[in-house]
Amino acid sequence: MNTEDIVQQSQTLITLYGIKVISALLIIVLGLWLTKKLTGVARRLMLARNLETTLVSFVSNLLYSALAVFVVLAALSKLGIQTASFVAVLAAAGLAVGLALQGSLSNFAAGVLMVLFKPFKVGDYIEAGGASGIVQEIMIFSTQLCTVDNKRVIIPNATIMGGNIVNYSANSTRRVDLTIGVSYDASIKEVRRVLESVLVEHPLVLQDQEKTVAVSELADSSVNFVVRCWVETENYWTVYFELTESIKLQLDANNINIPYPQLDLHIDSTSQDSETYIRRVLGSVTEPNVS
């Protein structure tokens, strides 16, 4: 092979591979620029939806990394390098990482769903994951609650999303339900008048909402009334406790008794010794064994 052939082949290789190298570089430069732009757009959209800053940063970095890997693979393919093996290695690595972190990934996915659909927000009082309390912080993998007795409870997000969520703060109003038992000797009309007056006089009861005072049950030793009214959500427990106290005071003031549970015991003294019978009924002695 003479010098001219070598020069000609060199020029051909340089031209062929030079174009490929330049194309690959352009793919990398433009691809990374476009990746940065797309990531920025996604970040702004997430921030516009008031998503948590930590979650926005994590998703943005994950999106940028995934797009960057795609750009590099496209550049390698342009150079004529077989990328199937790289894809297979990445897939295997992703599968291994996914299996190792499946618990964390499920918590992360649940956290994303919680941020997107917002079943509750910071400051709400909720019951979820076997605990109840005020939401202090919603994190990527877990949610932190503060109980009414000031204990910190950290619940995995997957546990929360995998069960029922009761949000007591979601609506602006709540209904207070009380059950009041009175003596059978009491006048139903008088009891209803007293209970209704307590509801009307309480300043935190919403007077424009429906109030209910009705007989709900004829129990063993009492006539039970249901007392229902609507209040602002933040006033629920204040009204609950104050109504309970006010009802007791007003019933006492009107000589309406709240009965104690009673048990009538009738003894047939002719059938056997009374004292032994009473002891057997009360369980203080056992029946003797008969052989």
# chains A, B, ... in the order shown; residues from 1 in each chain; ligands from 1
call {"tool": "residues_around", "arguments": {"residues": "Arg193 of chain A", "least_positions_apart": "2", "cutoff": "12 Å", "atoms": "only C-alpha atoms", "output": "list in words"}}
result
Ser187, Ile188, Lys189, Glu190, Val191, Leu195, Glu196, Ser197, Val198, Leu199, Val200, Thr212, Val213, Ala214, Phe225, Val227, Ile247, Gln250, Leu251, Asn254 and Ile256 of chain A
call {"tool": "write_last_selection", "arguments": {"atoms": "N, CA and C atoms", "output": "tab-separated table (two decimals), in the first residue's frame"}}
result
chain	number	residue	atom	x	y	z
A	187	SER	N	-90.44	14.17	82.47
A	187	SER	CA	-91.31	14.55	81.35
A	187	SER	C	-90.47	14.73	80.09
A	188	ILE	N	-90.85	14.03	79.04
A	188	ILE	CA	-90.09	14.13	77.79
A	188	ILE	C	-90.12	15.56	77.26
A	189	LYS	N	-91.26	16.21	77.34
A	189	LYS	CA	-91.36	17.59	76.85
A	189	LYS	C	-90.46	18.53	77.63
A	190	GLU	N	-90.42	18.33	78.95
A	190	GLU	CA	-89.59	19.19	79.79
A	190	GLU	C	-88.11	18.96	79.49
A	191	VAL	N	-87.74	17.71	79.34
A	191	VAL	CA	-86.33	17.40	79.02
A	191	VAL	C	-85.94	18.02	77.68
A	195	LEU	N	-82.94	20.79	77.04
A	195	LEU	CA	-81.83	20.52	76.12
A	195	LEU	C	-81.78	21.53	74.98
A	196	GLU	N	-82.95	21.88	74.45
A	196	GLU	CA	-82.98	22.86	73.36
A	196	GLU	C	-82.52	24.23	73.84
A	197	SER	N	-82.88	24.59	75.07
A	197	SER	CA	-82.45	25.89	75.60
A	197	SER	C	-80.93	25.95	75.77
A	198	VAL	N	-80.32	24.83	76.15
A	198	VAL	CA	-78.85	24.79	76.27
A	198	VAL	C	-78.20	25.04	74.92
A	199	LEU	N	-78.74	24.43	73.87
A	199	LEU	CA	-78.18	24.61	72.53
A	199	LEU	C	-78.35	26.06	72.05
A	200	VAL	N	-79.51	26.63	72.31
A	200	VAL	CA	-79.77	27.99	71.85
A	200	VAL	C	-78.89	29.00	72.57
A	212	THR	N	-80.75	19.14	66.63
A	212	THR	CA	-81.63	17.99	66.86
A	212	THR	C	-81.64	17.63	68.34
A	213	VAL	N	-82.84	17.51	68.91
A	213	VAL	CA	-83.04	16.96	70.25
A	213	VAL	C	-84.19	15.97	70.12
A	214	ALA	N	-83.90	14.67	70.29
A	214	ALA	CA	-84.93	13.65	70.07
A	214	ALA	C	-84.65	12.43	70.92
A	225	PHE	N	-81.73	10.53	75.02
A	225	PHE	CA	-81.93	11.59	74.03
A	225	PHE	C	-80.64	11.78	73.22
A	227	VAL	N	-78.54	14.63	71.23
A	227	VAL	CA	-78.41	16.08	71.13
A	227	VAL	C	-77.36	16.36	70.07
A	247	ILE	N	-75.48	20.87	80.18
A	247	ILE	CA	-76.65	19.99	80.22
A	247	ILE	C	-76.82	19.39	81.61
A	250	GLN	N	-78.13	22.14	83.98
A	250	GLN	CA	-79.52	22.51	83.72
A	250	GLN	C	-80.48	21.40	84.10
A	251	LEU	N	-80.09	20.15	83.92
A	251	LEU	CA	-80.95	19.04	84.35
A	251	LEU	C	-81.09	19.04	85.87
A	254	ASN	N	-83.44	21.78	87.04
A	254	ASN	CA	-84.85	21.52	86.76
A	254	ASN	C	-85.32	20.20	87.38
A	256	ILE	N	-84.36	17.14	87.08
A	256	ILE	CA	-84.46	16.00	86.15
A	256	ILE	C	-83.29	15.07	86.46
call {"tool": "select_by_dssp", "arguments": {"residues": "segment 50-235 of chain A", "states": "helix (DSSP H, G or I)", "output": "PyMOL selection string"}}
result
chain A and resi 53-78+84-100+102-117+157-161+188-201+233-235
